[in-house]
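*Asks:* First, the structure itself, so that you have it in front of you.
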Amino acid sequence: VVDDGSRNRDAPVAEQLAYAGDARFEFIMLPRNVGKRKAQIAAISRSSGDLILNVDSDTTLASDVVSKLSQKMRDPAVGAVMGQLVASNQNDSWLTRLIDMEYWLACNEERAAQGRFGAVMCCCGPCAMYRRSAFVLLLDQYETQLYRGKPSDFGEDRHLTILMLSAGFRTEYVPSAIAATVVPDRLAAYLRQQLRWARSTFRDTLLGLHLLRGMNWYLTLDVVGQNAGPLLLALSVLAGLAQFALTGSVPWWTIGTIGSLTLIRCGVAAYRARQLRFVGFSLHTLVNVFLLLPVKAYALCTLSNSEWLSR
């Protein structure tokens with residue numbers, strides 16, 4: 001258990017004393033807040049197991065997660081594997097419900113498709129298992145990541161996954177290994193998270209482009225789609241706004257096209273998940289257009305900013 005420089009030291013010290021007699025537990029108390037990556041490395045450096053399971057402090061694992069992930073790791077070609085993420089607080093607000101559906105789509109469409117080719121592009125930190133021998137091999141590169149000469153400490157999950165793929169290991173996804181994690185219930189926290197993730201995605205997409213030459217063509221299509229899709233959406237929105245500003249006419253064609261594609265996507269998700277609630281994910285398009293697109297544009301313009309934006 002790593003305490004990354006908490007201000008309320010009495011709480012973890014009390015837990016440390018409570019588990020002092022249990023040899024399975026070790027507490028590492030870092031003197032100051034250094035971020036997830038360095039805290040993670042501090043724990044791994046003191047460990048000895050063949051497999052490393054990373055779990056965030058706000059995540060609860062189903063009882064069979066370890067066995068299901070470790071089954072995948074029996075193949076020595078697999079360097080990392082992740083489980084399916086769900087929002088443990090999904091019923092708290094409209095935002096947490098949308099994020100829970102967003103996680104389902106990210107896991108069961110994006111990661112599941114990438115996993116068919118052994119190349120999940122980001123094994124998410126709340127529930128990710130790594131092969132120790134592979135991790136140790138990549139430790140120096142992982143710890144000393146730089147961007148434009150400055151240390152880059154956020155986006156550790158995606159960066160470590162790209163390093164695994166670069167070293168020739170497969171990365172997999174196990175949908176039946178369920179991990180419930182707390183998601184932001186307020187827009188400000190959600191947008192800070194999305195800004196951090198967007199910067200990481202842009203940086204590590206560039207880092208991993210060379211991998212596509214030796215992979216299935218679908219993965220190239222996947223990377224192009226993930227980056228070209230938001231760009232096309234942004235151009236459509238800007239064109240619609242320009243039409244309204246210059247002519248005073250409502251851009252019904254743009255609105256209709258975006259709305260139709262949204263309903264098709266949500267309808268397919270509702271059918272695949274057998275859950276009608278995914279029709280309601282259409283509301284996420286409004287969040288995407290008016291909030292996430294500006295955040296991603298800002299992230300692209302501030303890639304050199306390495307502030308963690310979170311404890």
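Ordering of the structure tokens sets the chain letters (A, B, ...), residue numbers begin anew at 1 in every chain, and ligands are numbered from 1 in the order given.
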Might you pull out every residue within 12 Å of region 91-93 of chain A, with only C-alpha atoms counted and same-chain residues fewer than 2 positions away left off, and present them as a VMD selection string?
*Replies:* chain A and resid 86 to 89 95 to 101 182 to 187
*Asks:* Can I get the selection written as a short mmCIF file (atom, residue, chain, number, x, y, z; two decimals), in the first residue's frame, with all heavy atoms?
*Replies:*
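Dumped everything to result.cif:
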```
data_model
loop_
_atom_site.label_atom_id
_atom_site.label_comp_id
_atom_site.auth_asym_id
_atom_site.auth_seq_id
_atom_site.Cartn_x
_atom_site.Cartn_y
_atom_site.Cartn_z
N VAL A 86 -16.34 -0.24 -14.76
CA VAL A 86 -17.69 0.30 -14.61
C VAL A 86 -17.63 1.38 -13.53
O VAL A 86 -16.70 1.41 -12.72
CB VAL A 86 -18.71 -0.78 -14.21
CG1 VAL A 86 -18.78 -1.87 -15.28
CG2 VAL A 86 -18.37 -1.39 -12.86
N ALA A 87 -18.60 2.28 -13.54
CA ALA A 87 -18.64 3.35 -12.53
C ALA A 87 -19.37 2.84 -11.29
O ALA A 87 -20.54 2.47 -11.36
CB ALA A 87 -19.34 4.57 -13.10
N SER A 88 -18.67 2.82 -10.17
CA SER A 88 -19.30 2.36 -8.93
C SER A 88 -20.35 3.34 -8.43
O SER A 88 -21.27 2.97 -7.70
CB SER A 88 -18.23 2.14 -7.85
OG SER A 88 -17.53 3.33 -7.59
N ASN A 89 -20.23 4.60 -8.82
CA ASN A 89 -21.18 5.64 -8.39
C ASN A 89 -22.06 6.10 -9.55
O ASN A 89 -22.42 7.28 -9.64
CB ASN A 89 -20.43 6.83 -7.78
CG ASN A 89 -19.42 7.45 -8.75
OD1 ASN A 89 -18.91 6.77 -9.63
ND2 ASN A 89 -19.14 8.73 -8.59
N LEU A 95 -24.24 12.97 -14.90
CA LEU A 95 -22.88 12.89 -15.44
C LEU A 95 -22.28 11.51 -15.19
O LEU A 95 -21.66 10.93 -16.09
CB LEU A 95 -22.01 13.98 -14.79
CG LEU A 95 -20.54 14.01 -15.23
CD1 LEU A 95 -20.43 14.25 -16.74
CD2 LEU A 95 -19.77 15.08 -14.47
N THR A 96 -22.45 10.97 -13.99
CA THR A 96 -21.88 9.65 -13.70
C THR A 96 -22.55 8.56 -14.53
O THR A 96 -21.90 7.58 -14.91
CB THR A 96 -22.00 9.31 -12.20
OG1 THR A 96 -23.38 9.36 -11.79
CG2 THR A 96 -21.21 10.28 -11.35
N ARG A 97 -23.83 8.74 -14.86
CA ARG A 97 -24.51 7.77 -15.73
C ARG A 97 -23.91 7.82 -17.14
O ARG A 97 -23.68 6.77 -17.77
CB ARG A 97 -26.00 8.05 -15.78
CG ARG A 97 -26.74 7.74 -14.47
CD ARG A 97 -28.25 7.94 -14.63
NE ARG A 97 -28.95 7.61 -13.40
CZ ARG A 97 -29.22 8.49 -12.43
NH1 ARG A 97 -28.85 9.76 -12.59
NH2 ARG A 97 -29.86 8.12 -11.35
N LEU A 98 -23.65 9.03 -17.63
CA LEU A 98 -23.05 9.16 -18.95
C LEU A 98 -21.63 8.57 -18.97
O LEU A 98 -21.25 7.88 -19.92
CB LEU A 98 -22.99 10.63 -19.36
CG LEU A 98 -24.30 11.29 -19.81
CD1 LEU A 98 -24.04 12.74 -20.22
CD2 LEU A 98 -24.93 10.52 -20.98
N ILE A 99 -20.86 8.83 -17.91
CA ILE A 99 -19.48 8.32 -17.86
C ILE A 99 -19.49 6.80 -17.80
O ILE A 99 -18.64 6.14 -18.43
CB ILE A 99 -18.73 8.91 -16.65
CG1 ILE A 99 -18.56 10.41 -16.81
CG2 ILE A 99 -17.36 8.25 -16.49
CD1 ILE A 99 -17.97 11.11 -15.60
N ASP A 100 -20.44 6.21 -17.07
CA ASP A 100 -20.52 4.75 -17.01
C ASP A 100 -20.76 4.16 -18.39
O ASP A 100 -20.13 3.17 -18.78
CB ASP A 100 -21.63 4.32 -16.06
CG ASP A 100 -21.75 2.81 -15.94
OD1 ASP A 100 -20.80 2.18 -15.43
OD2 ASP A 100 -22.77 2.25 -16.39
N MET A 101 -21.63 4.79 -19.17
CA MET A 101 -21.87 4.32 -20.54
C MET A 101 -20.65 4.58 -21.42
O MET A 101 -20.31 3.77 -22.29
CB MET A 101 -23.11 5.00 -21.10
CG MET A 101 -24.41 4.50 -20.47
SD MET A 101 -25.91 5.17 -21.25
CE MET A 101 -26.03 6.77 -20.44
N VAL A 182 -14.65 4.82 -8.94
CA VAL A 182 -15.37 6.07 -8.73
C VAL A 182 -15.04 7.04 -9.86
O VAL A 182 -13.88 7.25 -10.18
CB VAL A 182 -14.98 6.70 -7.37
CG1 VAL A 182 -15.71 8.04 -7.18
CG2 VAL A 182 -15.31 5.75 -6.23
N VAL A 183 -16.07 7.61 -10.47
CA VAL A 183 -15.87 8.55 -11.58
C VAL A 183 -16.27 9.95 -11.12
O VAL A 183 -17.02 10.11 -10.14
CB VAL A 183 -16.69 8.14 -12.82
CG1 VAL A 183 -16.29 6.75 -13.28
CG2 VAL A 183 -18.19 8.19 -12.53
N PRO A 184 -15.78 11.00 -11.79
CA PRO A 184 -16.13 12.37 -11.38
C PRO A 184 -17.63 12.60 -11.42
O PRO A 184 -18.30 12.21 -12.38
CB PRO A 184 -15.41 13.23 -12.43
CG PRO A 184 -14.30 12.38 -12.95
CD PRO A 184 -14.82 10.98 -12.92
N ASP A 185 -18.15 13.25 -10.39
CA ASP A 185 -19.59 13.55 -10.36
C ASP A 185 -19.86 15.03 -10.59
O ASP A 185 -21.01 15.47 -10.55
CB ASP A 185 -20.22 13.10 -9.05
CG ASP A 185 -19.55 13.73 -7.83
OD1 ASP A 185 -18.60 14.52 -8.01
OD2 ASP A 185 -19.97 13.42 -6.70
N ARG A 186 -18.78 15.80 -10.85
CA ARG A 186 -18.94 17.22 -11.16
C ARG A 186 -18.17 17.54 -12.44
O ARG A 186 -17.12 16.97 -12.72
CB ARG A 186 -18.45 18.08 -10.00
CG ARG A 186 -19.44 18.11 -8.84
CD ARG A 186 -18.97 19.01 -7.72
NE ARG A 186 -17.96 18.35 -6.91
CZ ARG A 186 -17.48 18.84 -5.77
NH1 ARG A 186 -17.91 20.01 -5.34
NH2 ARG A 186 -16.57 18.20 -5.09
N LEU A 187 -18.73 18.47 -13.20
CA LEU A 187 -18.16 18.79 -14.51
C LEU A 187 -16.72 19.27 -14.42
O LEU A 187 -15.89 18.91 -15.25
CB LEU A 187 -19.03 19.85 -15.21
CG LEU A 187 -20.13 19.33 -16.12
CD1 LEU A 187 -20.96 20.49 -16.65
CD2 LEU A 187 -19.55 18.51 -17.27
#
```
*Asks:* Need to verify the contact set: region 243-259 of chain A, 9 Å, only C-alpha atoms, exclusion of same-chain residues closer than 6 positions in sequence. Can you return it as a list in words?
*Replies:*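 Close residues of region 243-259 of chain A: Leu233, Ser236, Val237, Ser282 and Thr285 of chain A.
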*Asks:* Hey, can you spit out that residue selection with C-alpha atoms as a short mmCIF file (atom, residue, chain, number, x, y, z; two decimals), in the first residue's frame?
*Replies:*
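again.cif written:
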```cif
data_model
loop_
_atom_site.label_atom_id
_atom_site.label_comp_id
_atom_site.auth_asym_id
_atom_site.auth_seq_id
_atom_site.Cartn_x
_atom_site.Cartn_y
_atom_site.Cartn_z
CA LEU A 233 -16.75 16.90 -35.75
CA SER A 236 -18.54 20.54 -38.80
CA VAL A 237 -19.43 22.51 -35.66
CA SER A 282 -27.06 10.75 -27.13
CA THR A 285 -22.85 14.50 -27.92
#
```
*Asks:* For Asp204 (chain A), find every residue with an atom within 9 Å (counting only C-alpha atoms), except residues of its own chain fewer than 4 positions away, and show them as an mmCIF file with C-alpha atoms, in the first residue's frame.
*Replies:*
```cif
data_model
loop_
_atom_site.group_PDB
_atom_site.id
_atom_site.type_symbol
_atom_site.label_atom_id
_atom_site.label_comp_id
_atom_site.auth_asym_id
_atom_site.auth_seq_id
_atom_site.Cartn_x
_atom_site.Cartn_y
_atom_site.Cartn_z
ATOM 1 C CA GLY A 155 -0.790 9.430 -18.705
ATOM 2 C CA ARG A 158 -1.126 4.639 -21.980
ATOM 3 C CA HIS A 159 2.634 5.248 -21.993
ATOM 4 C CA ILE A 162 2.848 1.663 -25.706
ATOM 5 C CA ARG A 199 -2.665 15.424 -23.515
ATOM 6 C CA SER A 200 -1.555 11.864 -22.805
ATOM 7 C CA GLY A 208 3.252 4.722 -30.988
ATOM 8 C CA LEU A 209 2.740 5.525 -34.666
#
```
*Asks:* Fewer than 2 positions away in the same chain doesn't count, so skip those; otherwise give me all residues within 6 Å of region 193-196 of chain A, counting only C-alpha atoms, as an NGL selection string.
*Replies:* :A and (190-191 or 198-199 or 295 or 299)
*Asks:* Which of region 63-244 of chain A end up as strand (DSSP E) when DSSP is run on this backbone - answer as an MDAnalysis selection string?
*Replies:* chainID A and resid 78:87 128:131 146:147 150:151 170:181
*Asks:* Let me make sure I understand: among A:Arg203, A:Glu172, A:Arg277, A:Leu232, which one has the smallest atom-to-atom distance to Gln114 (chain A) if we use only C-alpha atoms?
*Replies:* A:Glu172
*Asks:* Looking at only C-alpha atoms, which of A:Thr302, A:Ser48, A:Thr205, A:Ser176 is the one that sits closest to Ser67 (chain A)?
*Replies:*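 Comparing A:Thr302, A:Ser48, A:Thr205, A:Ser176 against Ser67 (chain A), the winner is A:Ser176.
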*Asks:* Let me make sure I understand: among A:Glu109, A:Pro126, A:Ala177, A:Ala43, which one has the smallest atom-to-atom distance to Ser70 (chain A) if we use only C-alpha atoms?
*Replies:*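 Among the listed residues, the smallest separation from Ser70 (chain A) belongs to A:Ala177.
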